[in-house]
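Next comes my_file.csv, with CSV, C-alpha atoms.
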chain,number,residue,atom,x,y,z
F,289,MET,CA,-85.6,98.1,-0.3
F,290,THR,CA,-82.3,97.4,1.5
F,291,LYS,CA,-80.6,94.2,0.5
F,292,LYS,CA,-79.7,91.9,3.4
F,293,LYS,CA,-78.1,89.0,1.7
F,294,HIS,CA,-74.6,90.0,0.5
F,295,HIS,CA,-73.0,87.4,-1.7
F,296,PHE,CA,-69.2,87.1,-1.4
F,297,VAL,CA,-69.3,84.6,-4.2
F,298,PRO,CA,-71.8,86.0,-6.7
F,299,GLU,CA,-74.8,84.0,-7.8
F,300,PHE,CA,-73.9,84.2,-11.5
F,301,HIS,CA,-70.5,82.8,-10.7
F,302,LEU,CA,-71.8,79.9,-8.6
F,303,ALA,CA,-74.4,79.2,-11.4
F,304,LEU,CA,-71.5,78.2,-13.6
F,305,PHE,CA,-71.0,75.3,-11.3
F,306,THR,CA,-74.5,74.0,-11.5
F,307,LYS,CA,-75.7,71.2,-13.8
F,308,ASP,CA,-77.5,73.6,-16.2
F,309,GLY,CA,-75.3,76.7,-15.7
F,310,LYS,CA,-78.3,78.8,-14.4
F,311,LYS,CA,-79.1,80.5,-11.2
F,312,ASP,CA,-82.2,78.3,-10.6
F,313,SER,CA,-80.2,75.1,-11.2
F,314,ILE,CA,-78.6,72.9,-8.6
F,315,LEU,CA,-75.1,72.6,-7.3
F,316,TRP,CA,-73.6,70.6,-4.4
F,317,VAL,CA,-72.3,72.0,-1.2
F,318,PHE,CA,-69.7,70.2,0.9
F,319,ASP,CA,-69.2,71.4,4.5
F,320,GLN,CA,-65.7,70.7,5.7
F,321,LYS,CA,-66.6,71.3,9.3
F,322,SER,CA,-69.3,68.7,9.5
F,323,GLY,CA,-68.5,66.5,6.5
F,324,LYS,CA,-72.1,66.8,5.3
F,325,GLN,CA,-73.1,67.5,1.7
F,326,TRP,CA,-76.4,68.8,0.2
F,327,ASP,CA,-77.8,70.3,-3.0
F,328,ALA,CA,-78.7,73.9,-3.2
F,329,ILE,CA,-79.3,76.8,-5.6
F,330,PRO,CA,-76.7,79.5,-6.0
F,331,GLY,CA,-78.8,82.2,-4.3
F,332,SER,CA,-79.0,80.2,-1.1
F,333,VAL,CA,-75.2,79.8,-0.5
F,334,GLY,CA,-72.1,82.0,-0.7
F,335,PHE,CA,-73.6,84.9,1.2
F,336,LYS,CA,-73.7,86.5,4.7
F,337,LYS,CA,-76.3,89.0,5.9
F,338,HIS,CA,-75.2,92.6,6.0
F,339,LEU,CA,-71.6,91.7,5.2
F,340,TYR,CA,-70.9,94.9,3.3
F,341,SER,CA,-73.4,97.2,5.1
F,342,VAL,CA,-72.0,100.7,6.1
F,343,ASP,CA,-73.2,103.3,8.6
F,344,ILE,CA,-72.7,106.7,6.8
F,345,PRO,CA,-75.1,109.6,7.2
F,346,ASP,CA,-77.5,110.1,4.3
F,347,ILE,CA,-76.2,107.0,2.6
F,348,LYS,CA,-78.1,103.7,2.1
F,349,PRO,CA,-76.5,100.9,4.2
F,350,ASP,CA,-76.3,98.6,1.1
F,351,VAL,CA,-74.5,101.2,-1.1
F,352,ILE,CA,-71.4,99.0,-1.3
F,353,GLU,CA,-73.4,95.9,-2.1
F,354,GLY,CA,-74.9,98.0,-4.9
F,355,VAL,CA,-71.5,98.9,-6.3
F,356,PHE,CA,-70.4,95.2,-6.2
F,357,ALA,CA,-73.6,94.2,-8.0
F,358,TYR,CA,-72.8,96.8,-10.7
F,359,ILE,CA,-69.4,95.2,-11.2
F,360,GLU,CA,-70.9,91.7,-11.3
F,361,ASP,CA,-73.5,92.8,-13.9
F,362,ASN,CA,-70.7,94.1,-16.2
F,363,VAL,CA,-68.3,91.2,-15.7
F,364,ALA,CA,-70.9,88.3,-15.9
F,365,PRO,CA,-71.1,88.3,-19.7
F,366,ILE,CA,-67.4,88.6,-20.0
F,367,ILE,CA,-66.8,85.5,-17.9
F,368,ARG,CA,-69.4,83.6,-19.8
F,369,GLU,CA,-67.7,84.6,-23.0
F,370,ILE,CA,-64.3,83.3,-21.6
F,371,CYS,CA,-66.0,80.0,-20.8
F,372,ASN,CA,-67.4,79.8,-24.3
F,373,SER,CA,-64.4,81.1,-26.3
F,374,GLN,CA,-61.6,79.9,-23.9
F,375,LYS,CA,-59.8,83.2,-24.6
F,376,ILE,CA,-58.7,86.0,-22.3
F,377,PRO,CA,-60.4,89.3,-23.2
F,378,MET,CA,-58.6,92.5,-24.2
F,379,GLY,CA,-59.0,96.2,-23.5
F,380,LYS,CA,-61.9,97.4,-21.4
F,381,GLU,CA,-63.2,93.8,-20.9
F,382,TYR,CA,-59.8,92.8,-19.5
F,383,ASN,CA,-60.0,95.7,-17.0
F,384,TRP,CA,-63.4,94.5,-15.8
F,385,LEU,CA,-62.1,91.0,-15.4
F,386,ILE,CA,-59.1,92.0,-13.3
F,387,ASN,CA,-61.1,94.3,-11.1
F,388,TYR,CA,-63.6,91.4,-10.5
F,389,ILE,CA,-60.8,89.0,-9.7
F,390,ALA,CA,-59.3,91.5,-7.2
F,391,LEU,CA,-62.7,92.0,-5.6
F,392,LEU,CA,-63.4,88.2,-5.5
F,393,ALA,CA,-60.0,87.7,-3.8
F,394,GLU,CA,-60.6,90.2,-1.0
F,395,ARG,CA,-64.3,90.3,-0.3
F,396,THR,CA,-64.8,86.9,1.5
F,397,PRO,CA,-65.4,86.6,5.2
F,398,VAL,CA,-62.1,84.7,5.8
F,399,LYS,CA,-60.2,87.5,4.3
F,400,ARG,CA,-61.9,89.8,6.8
F,401,GLU,CA,-60.5,87.7,9.6
F,402,VAL,CA,-57.0,88.0,8.0
F,403,PHE,CA,-57.2,91.8,8.3
F,404,SER,CA,-58.9,91.8,11.7
F,405,LYS,CA,-56.4,89.6,13.6
F,406,PRO,CA,-53.4,91.9,13.2
F,407,MET,CA,-55.4,94.9,14.1
F,408,GLN,CA,-56.8,93.2,17.2
F,409,ASP,CA,-53.2,92.3,18.2
F,410,ILE,CA,-52.0,95.9,17.7
F,411,VAL,CA,-54.8,97.3,19.8
F,412,LYS,CA,-54.1,94.8,22.7
F,413,ILE,CA,-50.4,95.7,22.6
F,414,MET,CA,-51.2,99.4,22.7
F,415,ALA,CA,-53.5,98.8,25.6
F,416,LYS,CA,-50.8,97.0,27.6
F,417,MET,CA,-48.3,99.7,26.8
F,418,THR,CA,-50.7,102.3,28.0
F,419,LEU,CA,-51.2,100.5,31.3
F,420,GLU,CA,-47.6,99.4,31.8
F,421,ILE,CA,-47.0,102.0,34.5
F,422,PRO,CA,-49.4,104.3,36.4
F,423,GLU,CA,-47.6,107.5,35.3
F,424,ARG,CA,-48.1,106.7,31.6
F,425,PHE,CA,-51.8,106.0,32.2
F,426,GLU,CA,-52.3,109.2,34.1
F,427,SER,CA,-50.5,111.2,31.4
F,428,ILE,CA,-52.8,109.8,28.7
F,429,LYS,CA,-55.9,110.5,30.8
F,430,GLN,CA,-54.8,114.1,31.1
F,431,ARG,CA,-54.3,114.5,27.3
F,432,MET,CA,-57.7,113.0,26.8
F,433,ARG,CA,-59.3,115.5,29.1
F,434,ALA,CA,-57.5,118.3,27.4
F,435,ASP,CA,-59.0,117.1,24.1
F,436,GLY,CA,-62.5,117.2,25.5
F,437,ILE,CA,-62.8,113.4,25.9
F,438,ASP,CA,-64.8,112.1,28.9
F,439,VAL,CA,-62.7,109.9,31.2
F,440,ASN,CA,-64.3,107.4,33.6
F,441,ASP,CA,-62.6,107.6,37.0
F,442,ASN,CA,-64.8,104.9,38.6
F,443,VAL,CA,-62.4,102.1,37.4
F,444,SER,CA,-59.1,102.0,39.2
F,445,TYR,CA,-55.8,101.7,37.4
F,446,GLU,CA,-55.1,98.3,39.1
F,447,ASP,CA,-58.5,96.8,38.0
F,448,LEU,CA,-58.1,98.1,34.5
F,449,ARG,CA,-54.5,96.8,34.2
F,450,LYS,CA,-55.6,93.4,35.5
F,451,PHE,CA,-58.4,93.3,33.0
F,452,VAL,CA,-56.2,94.2,30.0
F,453,PHE,CA,-53.2,92.0,30.9
F,454,GLU,CA,-55.4,88.9,31.5
F,455,GLY,CA,-56.7,89.3,27.9
F,456,LYS,CA,-60.1,87.9,28.6
F,457,TYR,CA,-61.9,90.2,26.2
F,458,LYS,CA,-62.5,90.6,22.5
F,459,ILE,CA,-61.9,93.5,20.2
F,460,SER,CA,-64.2,94.1,17.2
F,461,PHE,CA,-64.3,96.7,14.4
F,462,ASP,CA,-67.3,98.3,12.8
F,463,ASN,CA,-68.3,97.4,9.3
F,464,ASN,CA,-67.0,100.8,8.0
F,465,THR,CA,-63.5,99.8,9.0
F,466,HIS,CA,-63.8,96.4,7.4
F,467,ILE,CA,-65.1,97.9,4.1
F,468,SER,CA,-62.3,100.5,4.1
F,469,ASN,CA,-59.7,97.7,4.5
F,470,LEU,CA,-61.4,95.7,1.8
F,471,LEU,CA,-61.4,98.6,-0.8
F,472,THR,CA,-57.8,99.5,0.1
F,473,ALA,CA,-56.7,95.8,-0.4
F,474,VAL,CA,-58.5,95.6,-3.8
F,475,ASP,CA,-56.8,98.8,-5.0
F,476,ALA,CA,-53.4,97.4,-3.9
F,477,ILE,CA,-53.6,94.1,-5.7
F,478,ILE,CA,-55.1,95.2,-9.0
F,479,PRO,CA,-51.8,96.2,-10.6
F,480,PHE,CA,-50.2,92.9,-9.8
F,481,LEU,CA,-53.1,90.9,-11.2
F,482,TYR,CA,-53.1,93.1,-14.3
F,483,ASP,CA,-49.5,92.4,-15.0
F,484,ARG,CA,-49.8,88.6,-14.8
F,485,ASN,CA,-50.0,86.4,-17.9
F,486,TRP,CA,-53.2,84.4,-17.9
F,487,THR,CA,-53.9,80.8,-19.1
F,488,VAL,CA,-57.3,79.4,-19.7
F,489,ALA,CA,-57.4,75.9,-18.5
F,490,TYR,CA,-60.2,73.9,-20.1
F,491,LEU,CA,-61.5,70.6,-18.6
F,492,PRO,CA,-63.4,68.2,-20.9
F,493,PRO,CA,-66.5,66.7,-19.2
F,494,GLU,CA,-65.2,63.1,-19.4
F,495,VAL,CA,-62.3,64.0,-17.1
F,496,GLY,CA,-64.4,65.5,-14.3
F,497,ASP,CA,-65.3,68.9,-12.9
F,498,PHE,CA,-63.5,71.9,-11.4
F,499,VAL,CA,-64.8,72.9,-8.0
F,500,CYS,CA,-65.4,76.4,-6.5
F,501,SER,CA,-65.3,77.4,-2.8
F,502,ASP,CA,-66.2,80.2,-0.3
F,503,ASN,CA,-62.7,81.7,-0.9
F,504,PRO,CA,-62.1,80.9,-4.6
F,505,VAL,CA,-59.0,82.9,-5.5
F,506,SER,CA,-55.9,81.0,-4.4
F,507,PHE,CA,-52.1,81.4,-4.6
F,508,HIS,CA,-49.4,78.8,-4.8
F,509,TRP,CA,-45.7,78.5,-5.7
F,510,THR,CA,-44.9,77.2,-9.1
F,511,THR,CA,-41.5,75.9,-7.9
F,512,GLN,CA,-40.6,74.1,-4.7
F,513,LYS,CA,-37.5,75.4,-3.0
F,514,GLU,CA,-36.2,77.0,0.3
F,515,ARG,CA,-37.4,80.6,0.5
F,516,GLY,CA,-36.5,81.7,4.0
F,517,ILE,CA,-38.9,84.4,5.2
F,518,TYR,CA,-40.8,84.3,1.9
F,519,SER,CA,-42.7,81.2,2.9
F,520,SER,CA,-46.1,82.3,1.6
F,521,PRO,CA,-46.8,83.2,-2.0
F,522,GLY,CA,-47.8,86.8,-2.5
F,523,HIS,CA,-49.3,89.0,-5.2
F,524,GLY,CA,-46.1,90.6,-6.3
F,525,LEU,CA,-43.7,87.6,-6.1
F,526,MET,CA,-42.3,85.7,-9.1
F,527,GLU,CA,-42.7,82.0,-9.3
F,528,THR,CA,-46.3,82.3,-8.0
F,529,GLU,CA,-49.5,81.4,-9.7
F,530,VAL,CA,-53.1,82.6,-9.1
F,531,SER,CA,-55.9,80.2,-9.7
F,532,ILE,CA,-59.6,81.1,-10.2
F,533,PRO,CA,-62.2,78.5,-11.1
F,534,LEU,CA,-64.7,80.3,-13.4
F,535,SER,CA,-66.9,77.3,-14.0
F,536,SER,CA,-66.9,73.5,-13.8
F,537,ARG,CA,-65.1,73.5,-17.2
F,538,ILE,CA,-62.8,76.6,-17.0
F,539,MET,CA,-60.1,77.7,-14.6
F,540,LEU,CA,-57.9,80.8,-15.0
F,541,LEU,CA,-54.2,80.5,-14.0
F,542,GLY,CA,-52.1,83.7,-13.8
F,543,CYS,CA,-48.2,83.9,-13.7
F,544,PHE,CA,-45.6,86.6,-14.2
F,545,GLU,CA,-43.6,84.2,-16.4
F,546,GLU,CA,-44.5,83.4,-20.0
F,547,VAL,CA,-47.4,80.9,-20.2
F,548,PRO,CA,-49.5,79.4,-22.9
F,549,HIS,CA,-52.8,81.1,-23.6
F,550,LYS,CA,-54.8,77.9,-23.3
F,551,ILE,CA,-54.2,74.4,-21.9
F,552,THR,CA,-56.5,71.3,-21.9
F,553,ILE,CA,-56.5,69.2,-18.7
F,554,MET,CA,-56.5,65.6,-19.9
F,555,SER,CA,-55.8,63.6,-16.8
F,556,LYS,CA,-57.7,63.1,-13.5
F,557,ARG,CA,-54.4,63.6,-11.6
F,558,SER,CA,-54.0,67.1,-13.1
F,559,LEU,CA,-57.6,67.9,-12.3
F,560,ALA,CA,-57.1,66.7,-8.7
F,561,ILE,CA,-54.1,68.9,-8.3
F,562,LEU,CA,-55.9,72.0,-9.6
F,563,ASN,CA,-58.9,71.3,-7.4
F,564,ASN,CA,-56.5,71.1,-4.4
F,565,TYR,CA,-55.6,74.8,-5.0
F,566,THR,CA,-59.2,75.7,-4.6
F,567,VAL,CA,-59.9,73.3,-1.7
F,568,MET,CA,-56.9,74.1,0.4
F,569,HIS,CA,-57.6,77.8,0.3
F,570,SER,CA,-61.3,77.4,1.1
F,571,ASP,CA,-62.6,78.5,4.5
F,572,ARG,CA,-65.4,75.9,5.0
F,573,PHE,CA,-67.6,75.2,1.9
F,574,ILE,CA,-66.8,73.6,-1.4
F,575,TYR,CA,-69.2,73.9,-4.3
F,576,SER,CA,-69.4,71.4,-7.1
F,577,ARG,CA,-71.5,70.4,-10.1
F,578,GLU,CA,-71.9,66.8,-9.0
F,579,ASN,CA,-72.0,65.3,-5.5
F,580,ASP,CA,-68.5,63.9,-6.1
F,581,PHE,CA,-65.3,65.7,-7.0
F,582,LEU,CA,-61.6,64.8,-7.3
F,583,TRP,CA,-58.8,66.0,-5.1
F,584,TYR,CA,-55.1,65.1,-4.6
F,585,LYS,CA,-54.3,63.1,-1.5
F,586,ARG,CA,-51.2,63.3,0.6
F,587,ASP,CA,-50.1,59.8,-0.6
F,588,ASN,CA,-50.1,61.3,-4.2
F,589,SER,CA,-53.2,59.4,-5.3
F,590,VAL,CA,-56.5,60.8,-6.5
F,591,GLY,CA,-59.3,60.9,-4.0
F,592,ASN,CA,-63.0,61.5,-4.2
F,593,VAL,CA,-65.7,62.9,-1.8
F,594,ALA,CA,-65.9,59.6,0.2
F,595,ASP,CA,-62.1,59.8,0.8
F,596,PHE,CA,-62.5,63.5,1.8
F,597,LYS,CA,-65.2,62.7,4.3
F,598,ARG,CA,-63.1,59.9,5.9
F,599,LEU,CA,-60.1,62.3,6.1
F,600,ILE,CA,-62.3,64.9,8.0
F,601,GLN,CA,-63.9,62.4,10.3
F,602,GLY,CA,-60.7,60.6,10.9
F,603,GLU,CA,-58.6,63.7,11.8
F,604,GLY,CA,-61.5,65.6,13.4
F,605,GLU,CA,-60.4,68.8,11.7
F,606,LYS,CA,-60.7,70.7,8.5
F,607,ALA,CA,-58.8,68.9,5.7
F,608,ILE,CA,-55.9,71.2,4.8
F,609,LEU,CA,-54.2,69.5,2.0
F,610,GLU,CA,-50.5,69.6,1.3
Give the structure from the file, written as structure tokens.
Amino acid sequence: MTKKKHHFVPEFHLALFTKDGKKDSILWVFDQKSGKQWDAIPGSVGFKKHLYSVDIPDIKPDVIEGVFAYIEDNVAPIIREICNSQKIPMGKEYNWLINYIALLAERTPVKREVFSKPMQDIVKIMAKMTLEIPERFESIKQRMRADGIDVNDNVSYEDLRKFVFEGKYKISFDNNTHISNLLTAVDAIIPFLYDRNWTVAYLPPEVGDFVCSDNPVSFHWTTQKERGIYSSPGHGLMETEVSIPLSSRIMLLGCFEEVPHKITIMSKRSLAILNNYTVMHSDRFIYSRENDFLWYKRDNSVGNVADFKRLIQGEGEKAILE
């Protein structure tokens, strides 16, 4: 049977943010678009239908989802052991972990949009260049015919040029293209993730809870200074940190510089700052163990869900935190 629900944040991962740490337990979902919050089980969130489906002759449409499920099955016990032992694994288990982090970083719907927008812009630019002058357009039509491609002569050059330059159209790519981009991106970032030094950040229950999101792998600078064109942190840049919430108690932090193997988060302020990394990189949904969570406000104070709702409702837009 073909799988329709394709999770971009796996069920086993979201289960670690529930009250009982199980797939049939409850977590809380916060919608930054509406400001609404509700409880749900992991299997009912963090997915999109046919997200990884492919159209390849003699191949099942959900073959990629099957590969991802195989990776998840192998890494789930490794992540649970990290949460229990508070230690980064070695050898083969470390390889599984890094591959999973790379996949988690690139498989989300918002990352698909990151890839799609530049490709859409390039196609539109090429279309305008093609129709810039009639002679160029006719030359391209002749080459197409020579290559055996059917050309529709019912649409005039003037009408087509007007249509293209007005830009009142959308460009979309098939899922095969999106999957190809996804797998290429995963391969590209694995070496950089592998070379980082990782810290296990442990959060005692009395301090609060880490949150997860629909885009859980985030990047940020570890130092604040003028960087010119390098305004955004990237996978291969020094003075950057990767953060991945593994559970409501554990977050992984990865740097190229030397870091401690383990830290304990003892203050609500530190927790709020770490939660901000997750929240500000989310697309729309935040997942939490309780119906309240801490975040770091622009006035340098610690806020809760009620504050977050007021911020969204007051500004009328998604709360992007600075």
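Relative to atom CA of Gln374 of chain F, atom CA of Val488 of chain F is found at 6.0 Å.
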If I put a ball of radius 9 Å at (-62.5, 70.6, -20.2) in the file's coordinates, which residues poke into it when counting only C-alpha atoms, written as a list in words?
-> Ala489, Tyr490, Leu491, Pro492, Pro493, Glu494, Val495, Gly496, Asp497, Phe498, Ser536, Arg537, Ile538, Thr552, Ile553 and Met554 of chain F
Atom CA of Tyr565 of chain F and atom CA of Ser506 of chain F are how many Å apart?
->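 Computed distance, atom CA of Tyr565 of chain F to atom CA of Ser506 of chain F, equals 6.2 Å.
Residue nearest His338 of chain F within the list F:Gly436, F:Gly524, F:Gly455, F:Pro397: F:Pro397 [criterion: smallest interatomic distance, all atoms listed in the file].
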Using only C-alpha atoms, which of the listed residues (F:Phe461, F:Phe296, F:Phe544, F:Phe581) sits closest to Gln325 of chain F?
->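 Of the candidates, the smallest distance to Gln325 of chain F is held by F:Phe581.
Of the listed residues F:Asn579, F:Asn588, F:Ser427, F:Ser341, the one whose atoms come nearest to Ile314 of chain F is F:Asn579, with distances taken using all atoms listed in the file.
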May I ask which of the residues F:Val452, F:Ile551, F:Phe356, F:Arg515 is the closest one to Met414 of chain F, counting only C-alpha atoms?
->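 Between F:Val452, F:Ile551, F:Phe356, F:Arg515, the residue approaching Met414 of chain F most closely is F:Val452.
Every protein or nucleic acid residue with an atom no more than 9 Å from Asp343 of chain F, counting all atoms listed in the file and leaving out same-chain residues fewer than 5 positions away, appears here: Lys348, Pro349, Asp462, Asn463 and Asn464 of chain F.
Among the candidates F:Tyr584, F:Ser519, F:Lys450, F:Leu392, the one nearest to Ile532 of chain F when counting all atoms listed in the file is F:Leu392.
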Got a sec: who's within 12 Å of Lys291 of chain F, counting only C-alpha atoms, leaving out chain neighbours fewer than 5 positions off, as a list of chain:residue names?
->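 Neighbouring residues, sequence-local ones excluded: F:Phe335, F:Lys336, F:Lys337, F:His338, F:Leu339, F:Tyr340, F:Ser341, F:Lys348, F:Pro349, F:Asp350, F:Val351, F:Ile352, F:Glu353, F:Gly354, F:Ala357.
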Nearby residues (all atoms listed in the file) at most 9 Å from Lys375 of chain F, same-chain spacing under 2 positions excluded, as a list in words |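 Listed by chain and then number, they are Glu369, Ile370, Cys371, Asn372, Ser373, Pro377, Thr487, Val488, His549 and Lys550 of chain F.
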Excluding segment 571-578 of chain F and residues on its chain fewer than 2 positions from it, collect all residues at most 9 Å away from it, counting only C-alpha atoms, and give them as number ranges by chain.
-> F: 302, 304-307, 314-321, 334, 397-398, 497-503, 536, 566-569, 580-581, 606
Leaving out Lys412 of chain F and any residue of its chain fewer than 6 positions from it, which residues lie within 10 Å of it when counting only C-alpha atoms, given as a PDB file with C-alpha atoms, keeping the file's coordinate frame?
ATOM      1  CA  PRO F 406     -53.400  91.900  13.200  1.00  0.00           C
ATOM      2  CA  THR F 418     -50.700 102.300  28.000  1.00  0.00           C
ATOM      3  CA  VAL F 452     -56.200  94.200  30.000  1.00  0.00           C
ATOM      4  CA  PHE F 453     -53.200  92.000  30.900  1.00  0.00           C
ATOM      5  CA  GLY F 455     -56.700  89.300  27.900  1.00  0.00           C
ATOM      6  CA  TYR F 457     -61.900  90.200  26.200  1.00  0.00           C
ATOM      7  CA  LYS F 458     -62.500  90.600  22.500  1.00  0.00           C
ATOM      8  CA  ILE F 459     -61.900  93.500  20.200  1.00  0.00           C
TER       9      ILE F 459
END
